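Engineer: Could you have a look at this structure, given as structure tokens, before my questions?
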Amino acid sequence: MRIPLSWLREYVDLPPSEDAAAIGERLVSIGLELEDIEVVGGDNTGPLVVARVLQITELTEFKKPIRFCRVEVGAAHGHPETPGERGIVCGARNFVEGDLVVVALPGAVLTGGFAIASRETYGHVSDGMICSERELGLGDDHDGIMVLPEGTAEVGADAGPVVGLGDVVLDVAVTPDMGFCLSMRGVARELA
């Protein structure tokens with residue numbers, strides 16, 4: 001069973017100074033088996049921001065569907081020629097103008113060592129990347145872009161905490177005699 005510490009802390013008042021290893025030891029002392037401690041998307045570095053899709057232009061002259069998107073990334077992250085905005089080439093089709101998305105800006109390095117840079121592709125300069133769950137190391141979904149619910153965060157905000165990057169997850173095996181620990185509430189009750 002995977003136990004995100006951020007979720008566990010919603011149920012149990014754990015000291016902020018207590019790290020994942022110490023909490024893992026406490027779980028072992030109550031009878032669970034700690035198999036692994038993982039940091040979600042821990043290998044992502046560089047600027048990841050919440051952005052709003054302003055405009056989508058379909059590029060029809062290519063064999064596969066490609067879009068050129070203007071996104072608002074906040075004044076602190078904007079391109080010098082267009083403060084607050086970036087142009088990004090994207091092949092995904094599951095988002096529309098007005099959606100909130102996660103953008104990796106040039107200089108970011110995503111899961112698996114994928115470096116993001118500003119480059120010319122499909123006749124446009126792509127100044128970043130609009131990200132899917134798999135590209136951020138959050139899951140296996142690569143069918144489309146990760147669209148955030150409206151009001152999740154302000155445009156230009158650091159996207160890491162918004163999507164759970166850096167959250168620590170304890171992977172525990174629940175022994176047969178502790179079936180009540182197959183839920184977050186059960187684990188929290190035992191830990192408390």
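Scheme for the structure tokens: letters A, B, ... for chains in order shown; per-chain residue numbers from 1; ligand numbers from 1 in order shown.
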Quick one: pick out all alpha helix (DSSP H) residues within region 67-179 of chain A from a backbone DSSP run and write them as a list in words.
Structural biologist: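 Those in region 67-179 of chain A that DSSP calls alpha helix (DSSP H) are Glu133, Arg134, Glu135, Leu136, Ala159, Gly160, Pro161, Val162 and Val163 of chain A.
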Engineer: Tell me, counting only C-alpha atoms, for each residue of region 61-98 of chain A within 9 Å of region 109-124 of chain A, which pair of atoms is nearest and how far apart they are in Å to one decimal, in rows ordered by chain and increasing number, as a Markdown table.
Structural biologist:
```
| residue | atom | partner | partner_atom | distance |
| --- | --- | --- | --- | --- |
| A:Phe62 | CA | A:Tyr122 | CA | 8.0 |
| A:Ile66 | CA | A:Tyr122 | CA | 8.2 |
| A:Phe68 | CA | A:His124 | CA | 7.6 |
| A:Gly87 | CA | A:His124 | CA | 8.2 |
| A:Ile88 | CA | A:His124 | CA | 8.2 |
| A:Val89 | CA | A:His124 | CA | 7.3 |
```
Engineer: Take the residues from that selection and write them out as a PDB file, in the first residue's frame, keeping N, CA, C and O atoms.
Structural biologist:
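Listed below is the output, out22.pdb:
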```pdb
ATOM      1  N   PHE A  62       1.278  19.774 -41.564  1.00  0.00           N
ATOM      2  CA  PHE A  62       2.109  18.629 -41.202  1.00  0.00           C
ATOM      3  C   PHE A  62       1.277  17.351 -41.193  1.00  0.00           C
ATOM      4  O   PHE A  62       0.057  17.395 -41.074  1.00  0.00           O
ATOM      5  N   ILE A  66      -0.548  18.985 -34.996  1.00  0.00           N
ATOM      6  CA  ILE A  66       0.352  19.779 -34.161  1.00  0.00           C
ATOM      7  C   ILE A  66      -0.324  21.116 -33.896  1.00  0.00           C
ATOM      8  O   ILE A  66      -1.007  21.667 -34.750  1.00  0.00           O
ATOM      9  N   PHE A  68       0.295  25.156 -32.147  1.00  0.00           N
ATOM     10  CA  PHE A  68       1.170  26.172 -31.573  1.00  0.00           C
ATOM     11  C   PHE A  68       0.325  26.929 -30.556  1.00  0.00           C
ATOM     12  O   PHE A  68      -0.718  27.488 -30.894  1.00  0.00           O
ATOM     13  N   GLY A  87       5.438  30.907 -26.285  1.00  0.00           N
ATOM     14  CA  GLY A  87       4.869  30.120 -27.375  1.00  0.00           C
ATOM     15  C   GLY A  87       5.406  28.709 -27.281  1.00  0.00           C
ATOM     16  O   GLY A  87       6.608  28.514 -27.133  1.00  0.00           O
ATOM     17  N   ILE A  88       4.512  27.701 -27.353  1.00  0.00           N
ATOM     18  CA  ILE A  88       4.916  26.307 -27.196  1.00  0.00           C
ATOM     19  C   ILE A  88       4.233  25.446 -28.250  1.00  0.00           C
ATOM     20  O   ILE A  88       3.020  25.538 -28.448  1.00  0.00           O
ATOM     21  N   VAL A  89       5.017  24.601 -28.917  1.00  0.00           N
ATOM     22  CA  VAL A  89       4.485  23.639 -29.875  1.00  0.00           C
ATOM     23  C   VAL A  89       4.091  22.386 -29.091  1.00  0.00           C
ATOM     24  O   VAL A  89       4.853  21.898 -28.256  1.00  0.00           O
TER      25      VAL A  89
END
```
Engineer: So the first atom is CA of Asp167 (chain A) and the second is CA of Met129 (chain A); what is the distance between them in Å, to one decimal place?
Structural biologist: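 The value is 22.4 Å.
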Engineer: Can you list, as a list of chain:residue names, every protein, DNA or RNA residue that comes within 8 Å of Val102 (chain A) when you count only C-alpha atoms, leaving out same-chain residues fewer than 2 positions away?
Structural biologist: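 The neighbour list is A:Leu48, A:Val49, A:Val50, A:Ala51, A:Leu100, A:Ala104, A:Ile130, A:Cys131, A:Met146, A:Val147, A:Leu148, A:Ala159.
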Engineer: Those same residues, written as a JSON list (two decimals), in the first residue's frame with all heavy atoms?
Structural biologist:
```
[["chain", "number", "residue", "atom", "x", "y", "z"],
["A", 48, "LEU", "N", 9.11, 24.87, -13.25],
["A", 48, "LEU", "CA", 7.82, 24.30, -13.64],
["A", 48, "LEU", "C", 6.77, 25.25, -13.12],
["A", 48, "LEU", "O", 6.73, 25.53, -11.92],
["A", 48, "LEU", "CB", 7.60, 22.92, -13.00],
["A", 48, "LEU", "CG", 8.51, 21.80, -13.45],
["A", 48, "LEU", "CD1", 8.35, 20.59, -12.54],
["A", 48, "LEU", "CD2", 8.18, 21.41, -14.88],
["A", 49, "VAL", "N", 5.93, 25.78, -13.99],
["A", 49, "VAL", "CA", 4.96, 26.79, -13.57],
["A", 49, "VAL", "C", 3.55, 26.43, -14.01],
["A", 49, "VAL", "O", 3.35, 25.68, -14.97],
["A", 49, "VAL", "CB", 5.32, 28.19, -14.12],
["A", 49, "VAL", "CG1", 6.66, 28.66, -13.60],
["A", 49, "VAL", "CG2", 5.29, 28.22, -15.63],
["A", 50, "VAL", "N", 2.59, 26.98, -13.29],
["A", 50, "VAL", "CA", 1.19, 26.89, -13.69],
["A", 50, "VAL", "C", 0.98, 27.96, -14.76],
["A", 50, "VAL", "O", 1.38, 29.11, -14.59],
["A", 50, "VAL", "CB", 0.25, 27.14, -12.49],
["A", 50, "VAL", "CG1", -1.20, 27.19, -12.94],
["A", 50, "VAL", "CG2", 0.46, 26.07, -11.43],
["A", 51, "ALA", "N", 0.36, 27.57, -15.88],
["A", 51, "ALA", "CA", 0.16, 28.50, -16.99],
["A", 51, "ALA", "C", -1.28, 28.39, -17.50],
["A", 51, "ALA", "O", -1.95, 27.38, -17.30],
["A", 51, "ALA", "CB", 1.14, 28.18, -18.13],
["A", 100, "LEU", "N", -5.93, 25.69, -17.41],
["A", 100, "LEU", "CA", -4.70, 25.78, -16.63],
["A", 100, "LEU", "C", -3.90, 24.51, -16.86],
["A", 100, "LEU", "O", -4.45, 23.40, -16.78],
["A", 100, "LEU", "CB", -5.00, 25.91, -15.14],
["A", 100, "LEU", "CG", -5.51, 27.23, -14.63],
["A", 100, "LEU", "CD1", -5.82, 27.15, -13.13],
["A", 100, "LEU", "CD2", -4.52, 28.34, -14.89],
["A", 104, "ALA", "N", 6.84, 23.29, -18.36],
["A", 104, "ALA", "CA", 8.27, 23.22, -18.04],
["A", 104, "ALA", "C", 8.96, 24.25, -18.91],
["A", 104, "ALA", "O", 8.86, 24.22, -20.14],
["A", 104, "ALA", "CB", 8.80, 21.83, -18.32],
["A", 130, "ILE", "N", 4.44, 21.91, -22.52],
["A", 130, "ILE", "CA", 3.24, 21.68, -21.72],
["A", 130, "ILE", "C", 3.26, 20.20, -21.35],
["A", 130, "ILE", "O", 3.41, 19.34, -22.21],
["A", 130, "ILE", "CB", 1.97, 22.05, -22.52],
["A", 130, "ILE", "CG1", 2.05, 23.49, -23.01],
["A", 130, "ILE", "CG2", 0.74, 21.84, -21.66],
["A", 130, "ILE", "CD1", 0.93, 23.90, -23.96],
["A", 131, "CYS", "N", 3.13, 19.88, -20.06],
["A", 131, "CYS", "CA", 3.47, 18.54, -19.56],
["A", 131, "CYS", "C", 2.28, 17.62, -19.31],
["A", 131, "CYS", "O", 1.20, 18.05, -18.92],
["A", 131, "CYS", "CB", 4.22, 18.68, -18.24],
["A", 131, "CYS", "SG", 5.74, 19.62, -18.39],
["A", 146, "MET", "N", -1.79, 17.38, -18.74],
["A", 146, "MET", "CA", -2.38, 17.44, -17.41],
["A", 146, "MET", "C", -3.10, 18.78, -17.28],
["A", 146, "MET", "O", -2.45, 19.84, -17.23],
["A", 146, "MET", "CB", -1.25, 17.33, -16.39],
["A", 146, "MET", "CG", -1.68, 17.04, -15.04],
["A", 146, "MET", "SD", -0.19, 16.52, -14.18],
["A", 146, "MET", "CE", -0.46, 17.28, -12.66],
["A", 147, "VAL", "N", -4.42, 18.76, -17.27],
["A", 147, "VAL", "CA", -5.22, 19.98, -17.14],
["A", 147, "VAL", "C", -5.63, 20.12, -15.68],
["A", 147, "VAL", "O", -6.21, 19.21, -15.10],
["A", 147, "VAL", "CB", -6.46, 19.94, -18.05],
["A", 147, "VAL", "CG1", -7.30, 21.18, -17.88],
["A", 147, "VAL", "CG2", -6.04, 19.78, -19.52],
["A", 148, "LEU", "N", -5.31, 21.28, -15.09],
["A", 148, "LEU", "CA", -5.61, 21.53, -13.69],
["A", 148, "LEU", "C", -7.00, 22.14, -13.54],
["A", 148, "LEU", "O", -7.42, 22.94, -14.38],
["A", 148, "LEU", "CB", -4.57, 22.49, -13.10],
["A", 148, "LEU", "CG", -3.11, 22.05, -13.22],
["A", 148, "LEU", "CD1", -2.19, 23.15, -12.72],
["A", 148, "LEU", "CD2", -2.87, 20.77, -12.45],
["A", 159, "ALA", "N", 4.59, 25.02, -9.98],
["A", 159, "ALA", "CA", 3.66, 23.91, -10.19],
["A", 159, "ALA", "C", 3.99, 22.68, -9.36],
["A", 159, "ALA", "O", 3.13, 21.83, -9.15],
["A", 159, "ALA", "CB", 3.62, 23.54, -11.67]]
```
Engineer: If we count only C-alpha atoms and set the cut-off at 6 Å, which residues sit around region 1-4 of chain A, ignoring sequence neighbours fewer than 6 positions away in its own chain? Please answer as an MDAnalysis selection string.
Structural biologist: chainID A and resid 168:172
Engineer: For region 149-152 of chain A, list every protein, DNA or RNA residue within 10 Å, evaluated using only C-alpha atoms, and leave out those in the same chain fewer than 5 positions away; present the list as a list in words.
Structural biologist: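 Within the cut-off, the hits are Val50, Arg52, Gly98, Asp99, Leu100, Val101, Val162 and Val163 of chain A.
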Engineer: Just the strand (DSSP E or B) stuff from region 94-170 of chain A, please, per backbone DSSP, written as a count of residues only.
Structural biologist: 23
Engineer: Mind checking which residues fall within 9 Å of Glu72 (chain A), counting only C-alpha atoms, ignoring those fewer than 6 positions away in the same chain, and posting them as a PyMOL selection string?
Structural biologist: chain A and resi 50-54+78+83-86+155-156
Engineer: At what distance in Å, to one decimal, does CA of Pro176 (chain A) lie from CA of Ile23 (chain A)?
Structural biologist: 21.2 Å
Engineer: Would you mind listing what lies within 8 Å of Ala173 (chain A) as a list of chain:residue names, with only C-alpha atoms counted and same-chain residues fewer than 6 positions away left out?
Structural biologist: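 Using only C-alpha atoms, the neighbours found are A:Met1, A:Leu32, A:Glu33, A:Leu34, A:Glu35.
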Engineer: Using only C-alpha atoms, find the one residue out of A:Ile30, A:Leu14, A:Leu165, A:Ile37 that sits nearest to Gly186 (chain A).
Structural biologist: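 When distances to Gly186 (chain A) are compared using only C-alpha atoms, the smallest one comes from A:Ile30.
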Engineer: Quote the spacing between CA of Arg93 (chain A) and CA of Asp143 (chain A) in Å to one decimal place.
Structural biologist: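 According to the coordinates, CA of Arg93 (chain A) and CA of Asp143 (chain A) are separated by 9.1 Å.
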